[in-house]
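Q: Next comes the structure file work37.tsv, holding TSV, C-alpha atoms and all ligand atoms.
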```
chain	number	residue	atom	x	y	z
A	1	MET	CA	-1.91	-19.47	1.93
A	2	SER	CA	-5.25	-18.07	3.13
A	3	LEU	CA	-4.44	-14.38	2.65
A	4	MET	CA	-5.84	-12.91	-0.56
A	5	GLN	CA	-2.90	-12.42	-2.91
A	6	LEU	CA	-2.75	-8.65	-3.52
A	7	THR	CA	0.87	-7.86	-4.41
A	8	LYS	CA	3.93	-9.90	-5.27
A	9	LYS	CA	6.08	-10.39	-2.18
A	10	PRO	CA	9.43	-12.04	-1.45
A	11	ASP	CA	9.17	-15.43	0.34
A	12	ALA	CA	10.81	-14.18	3.55
A	13	VAL	CA	8.53	-13.92	6.60
A	14	MET	CA	9.39	-10.95	8.81
A	15	VAL	CA	9.39	-11.73	12.53
A	16	SER	CA	11.00	-8.84	14.41
A	17	GLY	CA	12.32	-5.32	14.09
A	18	LYS	CA	14.33	-2.74	15.97
A	19	GLY	CA	15.00	0.80	14.74
A	20	SER	CA	16.15	0.66	11.12
A	21	TRP	CA	16.50	-3.14	11.14
A	22	LEU	CA	14.11	-5.96	10.36
A	23	TRP	CA	14.73	-9.74	10.74
A	24	ASP	CA	13.12	-12.66	8.92
A	25	GLU	CA	12.33	-16.11	10.30
A	26	LYS	CA	15.72	-17.44	9.16
A	27	GLY	CA	17.52	-14.74	11.14
A	28	LYS	CA	18.60	-12.71	8.09
A	29	SER	CA	18.72	-8.96	8.84
A	30	TYR	CA	17.53	-6.19	6.55
A	31	LEU	CA	18.32	-2.48	6.70
A	32	ASP	CA	14.86	-1.00	6.20
A	33	PHE	CA	14.55	2.07	3.94
A	34	VAL	CA	10.87	1.39	3.23
A	35	GLN	CA	9.61	1.36	6.84
A	36	GLY	CA	6.09	0.27	6.06
A	37	TRP	CA	5.79	2.89	3.27
A	38	ALA	CA	6.93	5.91	5.30
A	39	VAL	CA	4.76	4.70	8.16
A	40	ASN	CA	7.28	3.70	10.83
A	41	SER	CA	8.45	7.27	11.36
A	42	LEU	CA	10.39	6.28	14.51
A	43	GLY	CA	11.66	2.95	13.17
A	44	HIS	CA	10.62	-0.53	14.31
A	45	CYS	CA	9.22	-1.03	17.83
A	46	PRO	CA	10.12	2.44	19.19
A	47	ALA	CA	10.15	2.69	23.00
A	48	VAL	CA	7.72	5.66	23.06
A	49	VAL	CA	5.11	3.65	21.15
A	50	GLN	CA	5.64	0.53	23.28
A	51	GLN	CA	5.20	2.65	26.40
A	52	ALA	CA	2.08	4.45	25.15
A	53	LEU	CA	0.51	1.12	24.16
A	54	ALA	CA	1.36	-0.49	27.50
A	55	GLU	CA	0.16	2.43	29.61
A	56	GLN	CA	-3.06	3.13	27.73
A	57	GLY	CA	-3.65	-0.58	27.13
A	58	SER	CA	-3.72	-1.23	30.87
A	59	VAL	CA	-6.28	1.56	31.49
A	60	LEU	CA	-8.73	1.68	28.58
A	61	ILE	CA	-8.43	0.10	25.13
A	62	ASN	CA	-11.83	1.06	23.71
A	63	ALA	CA	-14.70	2.99	25.28
A	64	SER	CA	-16.98	3.07	22.19
A	65	PRO	CA	-17.29	5.93	19.72
A	66	GLY	CA	-20.53	6.77	21.56
A	67	TYR	CA	-18.63	8.13	24.61
A	68	HIS	CA	-15.89	10.69	25.14
A	69	ASN	CA	-12.42	9.44	25.99
A	70	MET	CA	-9.43	11.43	27.21
A	71	PRO	CA	-6.65	10.31	24.81
A	72	SER	CA	-8.71	11.31	21.76
A	73	GLN	CA	-9.66	14.71	23.17
A	74	ARG	CA	-6.03	15.38	23.93
A	75	PHE	CA	-4.69	14.11	20.61
A	76	ALA	CA	-7.33	16.03	18.60
A	77	ARG	CA	-6.36	19.25	20.36
A	78	GLU	CA	-2.62	18.63	19.89
A	79	ILE	CA	-2.63	17.53	16.24
A	80	ALA	CA	-5.06	20.29	15.17
A	81	ALA	CA	-2.94	22.93	16.91
A	82	ALA	CA	0.28	21.57	15.41
A	83	ALA	CA	-1.25	21.77	11.92
A	84	GLY	CA	-2.76	25.24	12.44
A	85	MET	CA	-6.25	23.72	12.14
A	86	ASP	CA	-9.22	23.83	14.52
A	87	GLN	CA	-11.06	20.49	14.47
A	88	ALA	CA	-10.16	16.86	13.91
A	89	PHE	CA	-11.97	13.71	12.78
A	90	LEU	CA	-9.81	10.83	14.01
A	91	CYS	CA	-9.86	7.52	12.16
A	92	SER	CA	-7.63	4.62	11.16
A	93	THR	CA	-6.38	4.96	7.59
A	94	GLY	CA	-5.37	7.63	5.11
A	95	ALA	CA	-8.10	6.65	2.67
A	96	GLU	CA	-10.68	7.06	5.43
A	97	ALA	CA	-9.33	10.53	6.28
A	98	ASN	CA	-9.44	11.56	2.59
A	99	GLU	CA	-12.91	10.08	2.17
A	100	GLY	CA	-13.92	12.27	5.14
A	101	ALA	CA	-12.32	15.31	3.50
A	102	ILE	CA	-14.29	14.67	0.28
A	103	LYS	CA	-17.52	14.36	2.27
A	104	LEU	CA	-16.81	17.50	4.29
A	105	ALA	CA	-16.04	19.48	1.11
A	106	ARG	CA	-19.30	18.32	-0.50
A	107	LYS	CA	-21.22	19.17	2.67
A	108	TRP	CA	-19.64	22.63	2.80
A	109	GLY	CA	-20.47	23.15	-0.88
A	110	SER	CA	-24.09	22.18	-0.29
A	111	LEU	CA	-24.38	24.61	2.62
A	112	HIS	CA	-22.24	27.52	1.47
A	113	LYS	CA	-21.58	27.31	-2.27
A	114	ASN	CA	-24.84	26.56	-4.03
A	115	GLY	CA	-24.34	22.80	-4.14
A	116	ALA	CA	-20.87	22.98	-5.70
A	117	HIS	CA	-19.34	19.52	-5.28
A	118	GLU	CA	-16.58	18.92	-7.82
A	119	ILE	CA	-13.04	18.52	-6.57
A	120	ILE	CA	-10.06	19.27	-8.80
A	121	THR	CA	-7.18	16.83	-8.25
A	122	LEU	CA	-3.88	16.23	-10.02
A	123	GLN	CA	-2.92	13.64	-12.61
A	124	ASN	CA	-0.72	10.87	-11.15
A	125	SER	CA	-1.88	11.71	-7.62
A	126	PHE	CA	-2.67	9.02	-5.06
A	127	HIS	CA	-5.33	9.53	-2.41
A	128	GLY	CA	-6.30	5.99	-1.38
A	129	ARG	CA	-8.14	2.82	-2.32
A	130	THR	CA	-11.79	3.36	-1.41
A	131	LEU	CA	-14.06	3.94	-4.40
A	132	ALA	CA	-14.16	7.74	-3.95
A	133	THR	CA	-10.45	8.13	-3.16
A	134	MET	CA	-9.57	5.96	-6.18
A	135	ALA	CA	-11.70	8.30	-8.30
A	136	ALA	CA	-9.94	11.29	-6.70
A	137	SER	CA	-6.55	9.74	-7.50
A	138	GLY	CA	-5.00	10.62	-10.84
A	139	LYS	CA	-3.18	7.33	-11.41
A	140	PRO	CA	-3.88	6.24	-14.99
A	141	ASN	CA	-6.47	3.41	-15.32
A	142	PHE	CA	-6.85	3.16	-11.55
A	143	ALA	CA	-10.49	3.93	-10.71
A	144	GLU	CA	-11.58	2.33	-14.01
A	145	ARG	CA	-10.77	-1.10	-12.58
A	146	PHE	CA	-14.01	-0.95	-10.61
A	147	LEU	CA	-16.68	0.60	-12.78
A	148	PRO	CA	-18.66	2.73	-12.47
A	149	VAL	CA	-16.18	5.39	-11.36
A	150	THR	CA	-17.43	7.63	-8.53
A	151	PRO	CA	-18.22	11.00	-10.16
A	152	GLY	CA	-17.22	14.45	-8.92
A	153	PHE	CA	-13.50	14.65	-9.70
A	154	VAL	CA	-11.66	16.58	-12.40
A	155	HIS	CA	-7.99	15.79	-13.02
A	156	VAL	CA	-5.47	18.34	-14.27
A	157	PRO	CA	-1.71	18.09	-14.93
A	158	PRO	CA	0.46	18.67	-11.83
A	159	GLY	CA	2.57	21.80	-11.51
A	160	ASP	CA	0.34	23.78	-13.90
A	161	LEU	CA	-1.59	26.54	-12.12
A	162	ALA	CA	-3.26	27.77	-15.31
A	163	ALA	CA	-4.72	24.27	-15.85
A	164	ILE	CA	-6.37	24.47	-12.43
A	165	GLU	CA	-7.69	27.93	-13.20
A	166	ARG	CA	-9.21	26.69	-16.48
A	167	ALA	CA	-10.85	23.72	-14.73
A	168	ILE	CA	-12.74	25.89	-12.21
A	169	THR	CA	-16.52	26.12	-12.81
A	170	GLU	CA	-19.51	26.99	-10.61
A	171	ARG	CA	-19.60	23.28	-9.70
A	172	THR	CA	-16.08	23.36	-8.21
A	173	VAL	CA	-15.84	23.23	-4.44
A	174	ALA	CA	-12.20	22.34	-3.73
A	175	VAL	CA	-8.72	21.56	-4.96
A	176	MET	CA	-7.06	18.54	-3.35
A	177	LEU	CA	-3.40	17.63	-3.74
A	178	GLU	CA	-0.28	16.10	-2.19
A	179	PRO	CA	2.43	18.72	-1.48
A	180	ILE	CA	4.84	16.14	-2.96
A	181	GLN	CA	3.37	13.29	-5.04
A	182	GLY	CA	4.68	10.27	-3.17
A	183	GLU	CA	3.27	7.25	-5.02
A	184	ALA	CA	3.85	8.98	-8.37
A	185	GLY	CA	7.58	8.60	-7.63
A	186	VAL	CA	8.33	11.56	-5.33
A	187	VAL	CA	7.35	14.32	-7.73
A	188	THR	CA	7.78	17.85	-6.36
A	189	HIS	CA	5.87	20.91	-7.56
A	190	PRO	CA	7.58	24.04	-8.91
A	191	LYS	CA	8.67	26.52	-6.25
A	192	GLY	CA	5.84	28.90	-5.36
A	193	TYR	CA	3.13	26.59	-6.79
A	194	LEU	CA	1.47	25.77	-3.45
A	195	ARG	CA	1.52	29.41	-2.38
A	196	ALA	CA	0.01	30.54	-5.67
A	197	LEU	CA	-2.58	27.77	-5.43
A	198	ARG	CA	-3.54	29.00	-1.97
A	199	GLU	CA	-4.13	32.48	-3.42
A	200	LEU	CA	-6.05	31.10	-6.40
A	201	THR	CA	-8.35	28.97	-4.22
A	202	GLU	CA	-8.92	31.86	-1.81
A	203	SER	CA	-9.86	34.32	-4.55
A	204	ASN	CA	-12.29	31.76	-6.05
A	205	ARG	CA	-13.75	30.77	-2.65
A	206	LEU	CA	-12.57	27.18	-3.08
A	207	LEU	CA	-11.34	24.91	-0.33
A	208	LEU	CA	-7.73	23.80	-0.44
A	209	ILE	CA	-7.25	20.23	0.82
A	210	ALA	CA	-3.67	19.15	1.51
A	211	ASP	CA	-3.13	15.39	1.57
A	212	GLU	CA	-0.12	15.26	3.94
A	213	ILE	CA	-0.51	11.53	4.56
A	214	GLN	CA	2.96	10.76	3.18
A	215	THR	CA	4.62	14.19	3.48
A	216	GLY	CA	3.44	15.09	6.99
A	217	MET	CA	4.78	14.33	10.45
A	218	GLY	CA	8.30	15.55	9.81
A	219	ARG	CA	8.92	13.48	6.66
A	220	THR	CA	10.10	16.50	4.62
A	221	GLY	CA	12.08	18.16	7.42
A	222	ARG	CA	9.21	20.40	8.59
A	223	LEU	CA	6.26	19.07	10.60
A	224	PHE	CA	4.07	19.49	7.49
A	225	ALA	CA	5.22	20.02	3.90
A	226	CYS	CA	2.80	22.96	3.46
A	227	GLU	CA	5.03	24.88	5.89
A	228	HIS	CA	7.81	25.08	3.27
A	229	GLU	CA	5.62	27.65	1.49
A	230	SER	CA	3.85	29.00	4.60
A	231	VAL	CA	0.55	27.68	3.27
A	232	ARG	CA	-2.39	27.06	5.57
A	233	PRO	CA	-4.95	24.87	3.79
A	234	ASP	CA	-8.64	24.62	4.74
A	235	MET	CA	-8.33	20.89	5.38
A	236	MET	CA	-5.38	18.64	5.91
A	237	THR	CA	-5.25	14.85	6.08
A	238	VAL	CA	-2.55	13.00	8.02
A	239	ALA	CA	-1.94	9.28	8.52
A	240	LYS	CA	1.11	7.02	7.96
A	241	GLY	CA	3.86	8.58	10.17
A	242	ILE	CA	1.48	9.87	12.86
A	243	GLY	CA	0.81	6.33	14.09
A	244	ALA	CA	4.47	5.28	13.76
A	245	GLY	CA	3.19	1.82	12.80
A	246	VAL	CA	-0.27	1.65	14.36
A	247	PRO	CA	-3.41	2.51	12.34
A	248	LEU	CA	-4.14	6.17	13.06
A	249	ALA	CA	-5.25	8.98	10.73
A	250	ALA	CA	-6.87	12.38	10.98
A	251	LEU	CA	-8.90	14.76	8.89
A	252	LEU	CA	-8.11	18.27	10.18
A	253	ALA	CA	-10.21	21.28	9.24
A	254	ARG	CA	-10.59	24.96	9.92
A	255	GLU	CA	-13.50	26.03	12.08
A	256	ALA	CA	-15.40	27.62	9.18
A	257	VAL	CA	-15.27	24.37	7.18
A	258	SER	CA	-16.12	21.97	10.03
A	259	CYS	CA	-19.80	21.54	9.14
A	260	PHE	CA	-20.50	17.86	9.84
A	261	VAL	CA	-23.63	17.36	11.93
A	262	SER	CA	-24.67	14.32	13.94
A	263	GLY	CA	-24.90	11.24	11.71
A	264	ASP	CA	-22.77	12.62	8.85
A	265	GLN	CA	-19.54	10.88	9.74
A	266	GLY	CA	-18.32	8.18	12.11
A	267	GLY	CA	-16.88	4.71	12.35
A	268	THR	CA	-16.35	1.94	14.89
A	269	TYR	CA	-12.69	2.87	15.44
A	270	THR	CA	-13.22	6.64	15.39
A	271	ALA	CA	-11.16	8.47	18.05
A	272	HIS	CA	-9.78	5.18	19.37
A	273	PRO	CA	-8.13	5.77	22.78
A	274	LEU	CA	-5.29	3.26	22.32
A	275	MET	CA	-4.29	4.66	18.91
A	276	CYS	CA	-4.74	8.27	20.05
A	277	ALA	CA	-2.42	7.67	23.03
A	278	VAL	CA	0.21	6.56	20.51
A	279	GLY	CA	-0.53	9.60	18.31
A	280	SER	CA	0.21	12.02	21.13
A	281	ALA	CA	3.44	10.22	22.04
A	282	VAL	CA	4.59	10.26	18.39
A	283	LEU	CA	3.65	13.91	17.89
A	284	HIS	CA	5.54	14.94	21.06
A	285	THR	CA	8.62	13.11	19.79
A	286	ILE	CA	8.60	14.45	16.24
A	287	ASN	CA	7.41	18.01	16.82
A	288	GLN	CA	10.68	19.12	18.43
A	289	PRO	CA	13.16	21.49	16.76
A	290	ALA	CA	16.09	19.11	17.43
A	291	PHE	CA	14.22	16.16	15.92
A	292	LEU	CA	13.31	18.07	12.75
A	293	GLU	CA	16.89	19.36	12.48
A	294	HIS	CA	18.06	15.74	12.58
A	295	VAL	CA	15.72	14.92	9.66
A	296	GLN	CA	17.19	17.84	7.68
A	297	ALA	CA	20.76	16.82	8.48
A	298	MET	CA	20.17	13.17	7.51
A	299	SER	CA	18.42	14.35	4.35
A	300	ALA	CA	21.46	16.41	3.33
A	301	ARG	CA	23.73	13.42	3.99
A	302	MET	CA	21.59	10.98	2.03
A	303	ARG	CA	21.10	13.41	-0.85
A	304	ALA	CA	24.85	14.00	-1.14
A	305	GLY	CA	25.51	10.25	-1.05
A	306	LEU	CA	22.85	9.52	-3.67
A	307	GLU	CA	24.22	12.29	-5.90
A	308	ALA	CA	27.70	10.75	-5.64
A	309	LEU	CA	26.28	7.34	-6.59
A	310	ALA	CA	24.33	8.97	-9.42
A	311	ALA	CA	27.60	10.36	-10.79
A	312	ASP	CA	29.43	6.99	-10.46
A	313	HIS	CA	26.66	4.94	-12.07
A	314	SER	CA	25.43	7.64	-14.49
A	315	THR	CA	21.90	7.47	-13.11
A	316	GLY	CA	19.54	10.43	-13.18
A	317	ALA	CA	18.68	13.08	-10.62
A	318	VAL	CA	17.76	12.90	-6.94
A	319	HIS	CA	14.20	14.06	-6.19
A	320	GLY	CA	12.20	14.94	-3.09
A	321	ALA	CA	12.68	16.62	0.26
A	322	GLY	CA	13.67	15.62	3.77
A	323	LEU	CA	13.67	11.85	4.13
A	324	LEU	CA	11.32	11.29	1.20
A	325	LEU	CA	13.87	10.99	-1.60
A	326	ALA	CA	14.00	9.21	-4.94
A	327	LEU	CA	16.70	8.38	-7.48
A	328	SER	CA	15.95	8.29	-11.21
A	329	LEU	CA	17.49	5.41	-13.15
A	330	PRO	CA	18.42	5.59	-16.84
A	331	GLN	CA	16.56	2.31	-17.52
A	332	PRO	CA	13.37	0.78	-16.12
A	333	SER	CA	15.49	-1.38	-13.80
A	334	ALA	CA	14.18	-0.22	-10.41
A	335	ALA	CA	12.50	-3.56	-9.61
A	336	GLU	CA	15.75	-5.42	-10.41
A	337	VAL	CA	17.74	-3.06	-8.17
A	338	VAL	CA	15.19	-3.59	-5.37
A	339	ASP	CA	15.62	-7.39	-5.74
A	340	ALA	CA	19.44	-7.14	-5.77
A	341	ALA	CA	19.29	-4.92	-2.67
A	342	PHE	CA	16.92	-7.34	-0.95
A	343	GLU	CA	19.40	-10.20	-1.49
A	344	ARG	CA	22.06	-7.99	0.11
A	345	GLY	CA	19.84	-7.22	3.12
A	346	LEU	CA	18.56	-3.78	2.13
A	347	LEU	CA	14.89	-2.89	1.72
A	348	LEU	CA	14.09	-0.30	-0.96
A	349	ASN	CA	10.99	0.57	-2.97
A	350	ALA	CA	10.58	0.94	-6.73
A	351	ALA	CA	8.16	3.85	-6.88
A	352	ARG	CA	8.23	3.74	-10.67
A	353	PRO	CA	9.86	1.33	-13.14
A	354	ASP	CA	12.73	3.84	-13.39
A	355	ARG	CA	12.72	5.35	-9.90
A	356	LEU	CA	13.88	4.13	-6.49
A	357	ARG	CA	12.23	5.61	-3.41
A	358	PHE	CA	13.84	5.99	0.02
A	359	MET	CA	11.63	6.33	3.14
A	360	PRO	CA	13.85	5.53	6.16
A	361	ALA	CA	12.86	6.04	9.78
A	362	LEU	CA	13.11	9.75	10.62
A	363	ASN	CA	15.56	8.87	13.41
A	364	VAL	CA	17.85	6.98	10.99
A	365	THR	CA	21.56	7.48	11.79
A	366	SER	CA	24.35	8.61	9.49
A	367	ASN	CA	26.00	5.16	9.85
A	368	GLU	CA	22.82	3.52	8.59
A	369	ILE	CA	22.73	5.92	5.65
A	370	GLU	CA	26.38	5.11	4.81
A	371	ARG	CA	25.57	1.42	5.01
A	372	MET	CA	22.55	1.84	2.72
A	373	LEU	CA	24.70	3.72	0.18
A	374	THR	CA	27.36	0.97	0.20
A	375	VAL	CA	24.79	-1.77	-0.43
A	376	LEU	CA	22.98	0.32	-3.05
A	377	ASP	CA	26.31	0.89	-4.82
A	378	SER	CA	26.78	-2.86	-5.05
A	379	ALA	CA	23.16	-3.51	-6.16
A	380	LEU	CA	23.38	-0.82	-8.88
A	381	GLY	CA	26.70	-2.29	-10.09
A	382	CYS	CA	25.27	-5.81	-10.21
A	383	VAL	CA	22.18	-4.78	-12.20
A	384	SER	CA	24.03	-2.58	-14.71
A	385	SER	CA	26.66	-5.29	-15.41
A	386	LYS	CA	23.95	-7.87	-16.29
B	1	LIG	C1	-0.68	6.13	1.63
B	1	LIG	C2	-1.42	7.29	1.13
B	1	LIG	C3	-2.82	7.36	1.17
B	1	LIG	C4	-3.68	6.21	1.64
B	1	LIG	O1	-3.45	5.89	2.98
B	1	LIG	P1	-3.95	4.46	3.55
B	1	LIG	O2	-3.63	4.52	5.01
B	1	LIG	O3	-3.19	3.42	2.80
B	1	LIG	O4	-5.41	4.37	3.28
B	1	LIG	C5	-3.43	8.52	0.73
B	1	LIG	N1	-2.71	9.56	0.27
B	1	LIG	C6	-1.37	9.53	0.23
B	1	LIG	C7	-0.62	10.73	-0.26
B	1	LIG	C8	-0.67	8.39	0.63
B	1	LIG	O5	0.67	8.35	0.54
```
Hey, can you dump this file as structure tokens for me?
Ligand SMILES: *Cc1c(COP(=O)(O)O)cnc(C)c1O

A:
Amino acid sequence: MSLMQLTKKPDAVMVSGKGSWLWDEKGKSYLDFVQGWAVNSLGHCPAVVQQALAEQGSVLINASPGYHNMPSQRFAREIAAAAGMDQAFLCSTGAEANEGAIKLARKWGSLHKNGAHEIITLQNSFHGRTLATMAASGKPNFAERFLPVTPGFVHVPPGDLAAIERAITERTVAVMLEPIQGEAGVVTHPKGYLRALRELTESNRLLLIADEIQTGMGRTGRLFACEHESVRPDMMTVAKGIGAGVPLAALLAREAVSCFVSGDQGGTYTAHPLMCAVGSAVLHTINQPAFLEHVQAMSARMRAGLEALAADHSTGAVHGAGLLLALSLPQPSAAEVVDAAFERGLLLNAARPDRLRFMPALNVTSNEIERMLTVLDSALGCVSSK
């Protein structure tokens, strides 16, 4: 094996996919409720993505970041407008978008806030795996793996507005958070928290940066999770679902914050025409009232089914919103349940030792949800009877 070993993986080698299904090299099928970590928002190999790749791929794959190209101009305009933002920096990964947000906040602080540069983030948050985004993340003992830790981040407990207020100093430039903490195990904030945080940041002249990389693009039943509390941040980062499986990400910012000048930011795959053509196709598909209503309807169905299973197996509560849901388990048996489900042809994620996470395609059907619940029932039964 020549690939660097980074995480433990099952032996199966995946060879093809269609919608909610994935097949390995032996022909075994898997019902996929991981979907590349909430990335394949339209399932495996969706026709709109195939078509966008084929059409753009036959015209122009890469012009060079040194020249304008039409798909990126169009996608920047569309995604910024959809998010209520003004400008976009288009890149490939979520970490790169967040790294850009950190740079833009520091730049804004140097120009408009006396050199303020510290960013307040939340404990247990996840913002990526570059050195700065690891330091921004609040996962315990995460950034410390690669000393020295990049300075400039202050971590406070999630859901506690007073803790943020206490952490603000003249060095503070921004507050950055996930509207729902995905990697932490689908942890939601108290109702009204985001709205109150918007008011707090505004009255202290701080930037609010929403990391919508996991929660955006329809995942929670609205196009962006900030919409649930009618919050308009100063910057928003999107990735994962916007590419529906191809590497595409964006840092979106309000006009007043967009202060990068020539040479500040860039990258070889910035504003890549092939990826941006996919981005527009995905955005057009997801940003439709009927599509988002489907997400809400499937969410209600899955939540009800998980609650019924929770009652039968005496597990804990169901967490999350839209099609980003999690089920608490009474014991740290999530990894065992994931293995038992895998054997039965169902892909799930153990977000925490005691929490299962569900991230199906947003166009998942009610039959697929019923099927998932049946297999999960069996996997839970098998693990608890051991
Ligand atoms: C996945 C994720 C990231 C990192 O995105 P990559 O594309 O893996 O770099 C950042 N923030 C959140 C909330 C995420 O879920």

Q: Write as a ChimeraX atom specification the residues around ligand LIG 1 (chain B), taking 6 Å as the cut-off and counting all atoms listed in the file.

A: /A:93-95,126-128,178,182,211,213-214

Q: I want to know what sits within 9 Å of Met275 in chain A, based on all atoms listed in the file, with residues of the same chain fewer than 4 positions away left out; could you give that as a list in words?

A: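 Listed by chain and then number, they are Ala52, Leu53, Ile61, Pro71, Ser72, Ser92, Gly243, Val246, Pro247, Leu248, Ala271, Gly279 and Ser280 of chain A.
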
Q: At a cut-off of 6 Å, using all atoms listed in the file, what residues contact Met176 in chain A? Leave out same-chain residues fewer than 4 positions from it and give the result as a list in words.

A: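 Using all atoms listed in the file, the neighbours found are Thr121, Ile209 and Ala210 of chain A.
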
Q: Counting all atoms listed in the file, find residues at most 6 Å from (7.2, 4.9, -4.5) (file frame) and give them as a list in words.

A: Glu183, Gly185, Asn349, Ala350, Ala351 and Arg357 of chain A

Q: Which of these residues is nearest to Thr215 in chain A, using all atoms listed in the file: A:Leu347, A:Met4, A:Leu362, A:Ala163?

A: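 Among the listed residues, A:Leu362 lies closest to Thr215 in chain A.
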
Q: Looking at A:Val34, A:Ala290, A:Met134, A:Val383, which one is nearest to Ala326 in chain A, with distances taken over all atoms listed in the file?

A: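 Distance minimum relative to Ala326 in chain A lands on A:Val34.
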
Q: Please determine, counting all atoms listed in the file, which residue among A:Asn367, A:Gln56, A:Leu348, A:Glu170 has the shortest atom-to-atom distance to Asp32 in chain A.

A: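 Result for the nearest residue to Asp32 in chain A: A:Leu348.
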
Q: A:His319, A:Val15, A:Thr285, A:Cys276: which is nearest Gln181 in chain A, counting all atoms listed in the file?

A: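 For Gln181 in chain A, the nearest of the candidates is A:His319.
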
Q: Which one of A:Ala105, A:Leu380, A:Val39, A:Ala239 sits closest to Thr315 in chain A if you count all atoms listed in the file?

A: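 For Thr315 in chain A, the nearest of the candidates is A:Leu380.
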
Q: So, with all atoms listed in the file as the atoms that count, which of A:Ile102, A:Val364, A:Gly245, A:Ser262 lies closest to Val48 in chain A?

A: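 The closest residue to Val48 in chain A is A:Gly245.
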
Q: With a distance cut-off of 12 Å and all atoms listed in the file, select the neighbouring residues of Val261 in chain A, excluding the residue or stretch itself and same-chain residues fewer than 2 positions from it, and output the selection as an MDAnalysis selection string.

A: chainID A and resid 103:104 107:108 111 257:259 263:266

Q: Would you list the residues near (12.5, 11.9, -9.4) (no more than 10 Å away, in the coordinates of the file, using all atoms listed in the file) as a short mmCIF file (atom, residue, chain, number, x, y, z; two decimals) with C-alpha atoms, keeping the file's coordinate frame?

A:
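Written output follows (selection23.cif):
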```
data_model
loop_
_atom_site.label_atom_id
_atom_site.label_comp_id
_atom_site.auth_asym_id
_atom_site.auth_seq_id
_atom_site.Cartn_x
_atom_site.Cartn_y
_atom_site.Cartn_z
CA ALA A 184 3.85 8.98 -8.37
CA GLY A 185 7.58 8.60 -7.63
CA VAL A 186 8.33 11.56 -5.33
CA VAL A 187 7.35 14.32 -7.73
CA THR A 188 7.78 17.85 -6.36
CA GLY A 316 19.54 10.43 -13.18
CA ALA A 317 18.68 13.08 -10.62
CA VAL A 318 17.76 12.90 -6.94
CA HIS A 319 14.20 14.06 -6.19
CA GLY A 320 12.20 14.94 -3.09
CA LEU A 325 13.87 10.99 -1.60
CA ALA A 326 14.00 9.21 -4.94
CA LEU A 327 16.70 8.38 -7.48
CA SER A 328 15.95 8.29 -11.21
CA LEU A 329 17.49 5.41 -13.15
CA ALA A 351 8.16 3.85 -6.88
CA ARG A 352 8.23 3.74 -10.67
CA ASP A 354 12.73 3.84 -13.39
CA ARG A 355 12.72 5.35 -9.90
CA LEU A 356 13.88 4.13 -6.49
CA ARG A 357 12.23 5.61 -3.41
#
```

Q: If I take CA of Asn204 in chain A and CA of Ser230 in chain A, how far is one from the other in Å, to one decimal?

A: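 Interatomic distance here is 19.5 Å.
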
Q: Could you state the separation of CA of His313 in chain A and CA of Pro360 in chain A in Å, given to one decimal place?

A: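 We find that CA of His313 in chain A and CA of Pro360 in chain A lie 22.3 Å from each other.
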